[in-house]
file start.cif (mmCIF, C-alpha atoms)
data_my_file
loop_
_atom_site.group_PDB
_atom_site.id
_atom_site.type_symbol
_atom_site.label_atom_id
_atom_site.label_comp_id
_atom_site.auth_asym_id
_atom_site.auth_seq_id
_atom_site.Cartn_x
_atom_site.Cartn_y
_atom_site.Cartn_z
ATOM 1 C CA MET L 1 -75.523 -7.468 32.242
ATOM 2 C CA ALA L 2 -73.649 -10.758 31.964
ATOM 3 C CA ASP L 3 -70.883 -11.368 34.492
ATOM 4 C CA GLU L 4 -67.393 -11.151 33.021
ATOM 5 C CA CYS L 5 -68.577 -9.717 29.682
ATOM 6 C CA LEU L 6 -66.166 -7.050 28.442
ATOM 7 C CA PHE L 7 -68.829 -5.269 26.410
ATOM 8 C CA CYS L 8 -71.302 -5.281 29.295
ATOM 9 C CA GLY L 9 -68.545 -3.556 31.289
ATOM 10 C CA ILE L 10 -68.282 -0.911 28.572
ATOM 11 C CA VAL L 11 -72.072 -0.426 28.645
ATOM 12 C CA ALA L 12 -71.956 -0.128 32.459
ATOM 13 C CA GLY L 13 -69.110 2.383 32.289
ATOM 14 C CA THR L 14 -66.702 0.236 34.322
ATOM 15 C CA VAL L 15 -64.497 -0.488 31.292
ATOM 16 C CA PRO L 16 -63.219 2.511 29.312
ATOM 17 C CA ALA L 17 -63.931 2.834 25.596
ATOM 18 C CA GLN L 18 -63.739 5.553 22.973
ATOM 19 C CA LYS L 19 -67.454 6.070 22.436
ATOM 20 C CA VAL L 20 -68.526 7.216 18.986
ATOM 21 C CA ARG L 21 -72.302 7.121 19.308
ATOM 22 C CA GLU L 22 -74.933 5.968 21.774
ATOM 23 C CA ASP L 23 -78.673 5.840 22.199
ATOM 24 C CA ASP L 24 -81.047 4.132 24.615
ATOM 25 C CA GLU L 25 -80.596 0.691 23.015
ATOM 26 C CA THR L 26 -77.114 0.649 21.484
ATOM 27 C CA LEU L 27 -73.550 1.792 21.941
ATOM 28 C CA THR L 28 -70.879 2.342 19.283
ATOM 29 C CA PHE L 29 -67.186 2.585 20.118
ATOM 30 C CA ALA L 30 -63.811 2.465 18.377
ATOM 31 C CA ASP L 31 -62.220 -0.951 17.906
ATOM 32 C CA THR L 32 -59.002 -1.217 19.947
ATOM 33 C CA ASN L 33 -57.308 -3.130 17.097
ATOM 34 C CA PRO L 34 -58.588 -1.310 13.999
ATOM 35 C CA GLN L 35 -58.391 -3.084 10.656
ATOM 36 C CA ALA L 36 -59.331 -0.006 8.623
ATOM 37 C CA PRO L 37 -59.054 3.769 9.031
ATOM 38 C CA PHE L 38 -62.651 3.729 10.288
ATOM 39 C CA HIS L 39 -63.405 0.684 12.474
ATOM 40 C CA VAL L 40 -66.083 0.745 15.156
ATOM 41 C CA LEU L 41 -68.122 -1.849 17.010
ATOM 42 C CA VAL L 42 -71.876 -1.440 17.336
ATOM 43 C CA ILE L 43 -73.471 -3.369 20.205
ATOM 44 C CA PRO L 44 -76.849 -3.641 21.861
ATOM 45 C CA ARG L 45 -76.823 -2.461 25.473
ATOM 46 C CA LYS L 46 -78.661 -5.671 26.337
ATOM 47 C CA HIS L 47 -76.416 -8.742 26.616
ATOM 48 C CA ILE L 48 -77.084 -11.046 23.673
ATOM 49 C CA PRO L 49 -74.311 -13.570 22.937
ATOM 50 C CA ASP L 50 -74.320 -13.705 19.134
ATOM 51 C CA ILE L 51 -76.230 -12.908 15.959
ATOM 52 C CA GLY L 52 -78.143 -16.205 16.158
ATOM 53 C CA ALA L 53 -79.568 -15.199 19.529
ATOM 54 C CA LEU L 54 -80.144 -11.653 18.229
ATOM 55 C CA GLY L 55 -82.505 -13.155 15.639
ATOM 56 C CA ALA L 56 -84.833 -14.139 18.478
ATOM 57 C CA ASP L 57 -85.110 -10.499 19.612
ATOM 58 C CA PRO L 58 -86.517 -8.459 16.704
ATOM 59 C CA ASP L 59 -86.545 -5.210 18.679
ATOM 60 C CA ALA L 60 -82.854 -5.481 19.567
ATOM 61 C CA ALA L 61 -82.011 -6.551 15.997
ATOM 62 C CA ALA L 62 -83.823 -3.537 14.541
ATOM 63 C CA ALA L 63 -82.129 -1.195 17.021
ATOM 64 C CA LEU L 64 -78.716 -2.566 16.065
ATOM 65 C CA LEU L 65 -79.409 -2.085 12.348
ATOM 66 C CA ARG L 66 -80.645 1.460 12.967
ATOM 67 C CA ALA L 67 -77.452 2.219 14.880
ATOM 68 C CA ILE L 68 -75.267 0.855 12.065
ATOM 69 C CA ARG L 69 -77.126 3.047 9.585
ATOM 70 C CA ALA L 70 -76.846 6.080 11.871
ATOM 71 C CA VAL L 71 -73.113 5.732 12.526
ATOM 72 C CA ALA L 72 -72.482 5.380 8.789
ATOM 73 C CA GLN L 73 -74.550 8.476 7.999
ATOM 74 C CA GLU L 74 -73.082 10.531 10.856
ATOM 75 C CA ASN L 75 -69.551 9.744 9.667
ATOM 76 C CA GLY L 76 -70.225 10.297 5.969
ATOM 77 C CA LEU L 77 -69.621 6.686 5.014
ATOM 78 C CA THR L 78 -70.958 5.704 1.603
ATOM 79 C CA ASP L 79 -68.911 2.502 1.240
ATOM 80 C CA TYR L 80 -68.431 0.348 4.298
ATOM 81 C CA ARG L 81 -68.330 -3.268 5.376
ATOM 82 C CA THR L 82 -70.366 -4.669 8.241
ATOM 83 C CA VAL L 83 -69.134 -7.932 9.783
ATOM 84 C CA PHE L 84 -70.654 -10.235 12.398
ATOM 85 C CA ASN L 85 -68.559 -13.153 13.687
ATOM 86 C CA THR L 86 -70.404 -15.996 15.382
ATOM 87 C CA GLY L 87 -68.291 -18.523 17.235
ATOM 88 C CA ALA L 88 -64.666 -18.739 18.341
ATOM 89 C CA LYS L 89 -63.562 -20.634 15.220
ATOM 90 C CA VAL L 90 -64.390 -17.650 12.990
ATOM 91 C CA GLY L 91 -62.980 -14.954 15.242
ATOM 92 C CA GLN L 92 -65.634 -14.037 17.802
ATOM 93 C CA SER L 93 -63.616 -13.260 20.918
ATOM 94 C CA VAL L 94 -66.237 -11.379 22.948
ATOM 95 C CA PHE L 95 -69.527 -13.243 23.243
ATOM 96 C CA HIS L 96 -71.783 -10.188 23.194
ATOM 97 C CA VAL L 97 -73.164 -9.662 19.700
ATOM 98 C CA HIS L 98 -71.385 -6.874 17.877
ATOM 99 C CA ALA L 99 -71.147 -5.540 14.365
ATOM 100 C CA HIS L 100 -67.809 -4.369 13.038
ATOM 101 C CA VAL L 101 -68.264 -1.371 10.742
ATOM 102 C CA LEU L 102 -65.158 -0.779 8.616
ATOM 103 C CA SER L 103 -64.390 1.830 5.975
ATOM 104 C CA GLY L 104 -61.644 3.982 4.536
ATOM 105 C CA ARG L 105 -59.617 1.450 2.519
ATOM 106 C CA PRO L 106 -60.184 -1.018 -0.327
ATOM 107 C CA MET L 107 -61.356 -4.429 0.882
ATOM 108 C CA SER L 108 -61.111 -7.678 -1.020
ATOM 109 C CA TRP L 109 -63.318 -10.741 -1.072
ATOM 110 C CA PRO L 110 -63.297 -13.246 0.430
ATOM 111 C CA PRO L 111 -62.146 -11.818 3.750
ATOM 112 C CA GLY L 112 -59.818 -13.824 5.978
#
call {"tool": "encode", "arguments": {"input": "start.cif", "output": "structure tokens"}}
result
Amino acid sequence: MADECLFCGIVAGTVPAQKVREDDETLTFADTNPQAPFHVLVIPRKHIPDIGALGADPDAAAALLRAIRAVAQENGLTDYRTVFNTGAKVGQSVFHVHAHVLSGRPMSWPPG
């Protein structure tokens, strides 16, 4: 666990979150500022700062992708968007890699 990491606090249970799904390697919880009717964050339990660093850990990367697939299936999502932000300039505000999974409304391109 990284000191002062909000998501590590959620993993540790010291920060409350509305958990949607969890397994030994990942945790999924509702976004506190949802941008779609369905908006969750999928994170590895292990502290990894961003998707670039996740690329160096194939086991954690595979676990995260499995969790995204599982949360979509468990919630009946057939159309959904998965977003990773890397760096403060593009919107990453918590430096613990996380995937936003959004669904339930039309989405345009490009985002932002």
call {"tool": "resolve_selection", "arguments": {"input": "start.cif", "expression": "the PyMOL selection byres ((chain L and resi 10-25) around 9)", "output": "PyMOL selection string"}}
result
chain L and resi 1+5-9+26-32+40+42-46+60+63-64+67+70-71
call {"tool": "resolve_selection", "arguments": {"input": "start.cif", "expression": "the PyMOL selection byres ((chain L and resi 72) around 12)", "output": "PDB file with C-alpha atoms, keeping the file's coordinate frame"}}
result
ATOM      1  CA  VAL L  20     -68.526   7.216  18.986  1.00  0.00           C
ATOM      2  CA  ARG L  21     -72.302   7.121  19.308  1.00  0.00           C
ATOM      3  CA  THR L  28     -70.879   2.342  19.283  1.00  0.00           C
ATOM      4  CA  PHE L  38     -62.651   3.729  10.288  1.00  0.00           C
ATOM      5  CA  HIS L  39     -63.405   0.684  12.474  1.00  0.00           C
ATOM      6  CA  VAL L  40     -66.083   0.745  15.156  1.00  0.00           C
ATOM      7  CA  LEU L  41     -68.122  -1.849  17.010  1.00  0.00           C
ATOM      8  CA  VAL L  42     -71.876  -1.440  17.336  1.00  0.00           C
ATOM      9  CA  LEU L  65     -79.409  -2.085  12.348  1.00  0.00           C
ATOM     10  CA  ARG L  66     -80.645   1.460  12.967  1.00  0.00           C
ATOM     11  CA  ALA L  67     -77.452   2.219  14.880  1.00  0.00           C
ATOM     12  CA  ILE L  68     -75.267   0.855  12.065  1.00  0.00           C
ATOM     13  CA  ARG L  69     -77.126   3.047   9.585  1.00  0.00           C
ATOM     14  CA  ALA L  70     -76.846   6.080  11.871  1.00  0.00           C
ATOM     15  CA  VAL L  71     -73.113   5.732  12.526  1.00  0.00           C
ATOM     16  CA  GLN L  73     -74.550   8.476   7.999  1.00  0.00           C
ATOM     17  CA  GLU L  74     -73.082  10.531  10.856  1.00  0.00           C
ATOM     18  CA  ASN L  75     -69.551   9.744   9.667  1.00  0.00           C
ATOM     19  CA  GLY L  76     -70.225  10.297   5.969  1.00  0.00           C
ATOM     20  CA  LEU L  77     -69.621   6.686   5.014  1.00  0.00           C
ATOM     21  CA  THR L  78     -70.958   5.704   1.603  1.00  0.00           C
ATOM     22  CA  ASP L  79     -68.911   2.502   1.240  1.00  0.00           C
ATOM     23  CA  TYR L  80     -68.431   0.348   4.298  1.00  0.00           C
ATOM     24  CA  ARG L  81     -68.330  -3.268   5.376  1.00  0.00           C
ATOM     25  CA  THR L  82     -70.366  -4.669   8.241  1.00  0.00           C
ATOM     26  CA  HIS L 100     -67.809  -4.369  13.038  1.00  0.00           C
ATOM     27  CA  VAL L 101     -68.264  -1.371  10.742  1.00  0.00           C
ATOM     28  CA  LEU L 102     -65.158  -0.779   8.616  1.00  0.00           C
ATOM     29  CA  SER L 103     -64.390   1.830   5.975  1.00  0.00           C
ATOM     30  CA  GLY L 104     -61.644   3.982   4.536  1.00  0.00           C
TER      31      GLY L 104
END
call {"tool": "closest_residue", "arguments": {"input": "start.cif", "among": "L:His98, L:Asp50, L:Arg105, L:Ala56", "to": "Thr86 of chain L", "atoms": "all atoms listed in the file"}}
result
L:Asp50
call {"tool": "atom_distance", "arguments": {"input": "start.cif", "atom1": "atom CA of Lys89 of chain L", "atom2": "atom CA of Ala36 of chain L"}}
result
22.1 Å
call {"tool": "resolve_selection", "arguments": {"input": "start.cif", "expression": "the PyMOL selection byres ((chain L and resi 111) around 12)", "output": "PyMOL selection string"}}
result
chain L and resi 35+81-83+85+90-91+106-110+112
call {"tool": "closest_residue", "arguments": {"input": "start.cif", "among": "L:Gly52, L:Asn33, L:Asp59, L:His47", "to": "Phe84 of chain L", "atoms": "only C-alpha atoms"}}
result
L:Gly52
call {"tool": "closest_residue", "arguments": {"input": "start.cif", "among": "L:Pro37, L:Pro49, L:Leu54, L:Ala62", "to": "Ser93 of chain L", "atoms": "only C-alpha atoms"}}
result
L:Pro49
call {"tool": "decode", "arguments": {"input": "start.cif", "residues": "segment 67-93 of chain L", "atoms": "C-alpha atoms", "output": "CSV table (one decimal), in the first residue's frame"}}
result
chain,number,residue,atom,x,y,z
L,67,ALA,CA,-12.2,-7.9,-13.7
L,68,ILE,CA,-13.5,-5.4,-16.3
L,69,ARG,CA,-14.9,-8.3,-18.3
L,70,ALA,CA,-16.5,-9.8,-15.2
L,71,VAL,CA,-18.1,-6.6,-14.0
L,72,ALA,CA,-19.6,-6.0,-17.5
L,73,GLN,CA,-21.0,-9.5,-17.7
L,74,GLU,CA,-22.3,-9.4,-14.1
L,75,ASN,CA,-24.2,-6.2,-14.8
L,76,GLY,CA,-25.5,-7.2,-18.2
L,77,LEU,CA,-23.5,-4.6,-20.1
L,78,THR,CA,-23.2,-5.1,-23.8
L,79,ASP,CA,-22.1,-1.6,-24.8
L,80,TYR,CA,-19.7,0.2,-22.5
L,81,ARG,CA,-16.7,2.4,-22.5
L,82,THR,CA,-13.5,1.7,-20.6
L,83,VAL,CA,-11.2,4.7,-19.9
L,84,PHE,CA,-7.7,4.9,-18.5
L,85,ASN,CA,-6.3,8.4,-17.8
L,86,THR,CA,-2.5,8.7,-17.4
L,87,GLY,CA,-1.2,11.9,-16.0
L,88,ALA,CA,-2.7,15.0,-14.4
L,89,LYS,CA,-3.0,16.9,-17.6
L,90,VAL,CA,-5.5,14.4,-19.0
L,91,GLY,CA,-7.5,14.0,-15.8
L,92,GLN,CA,-5.8,11.4,-13.6
L,93,SER,CA,-6.4,12.7,-10.1
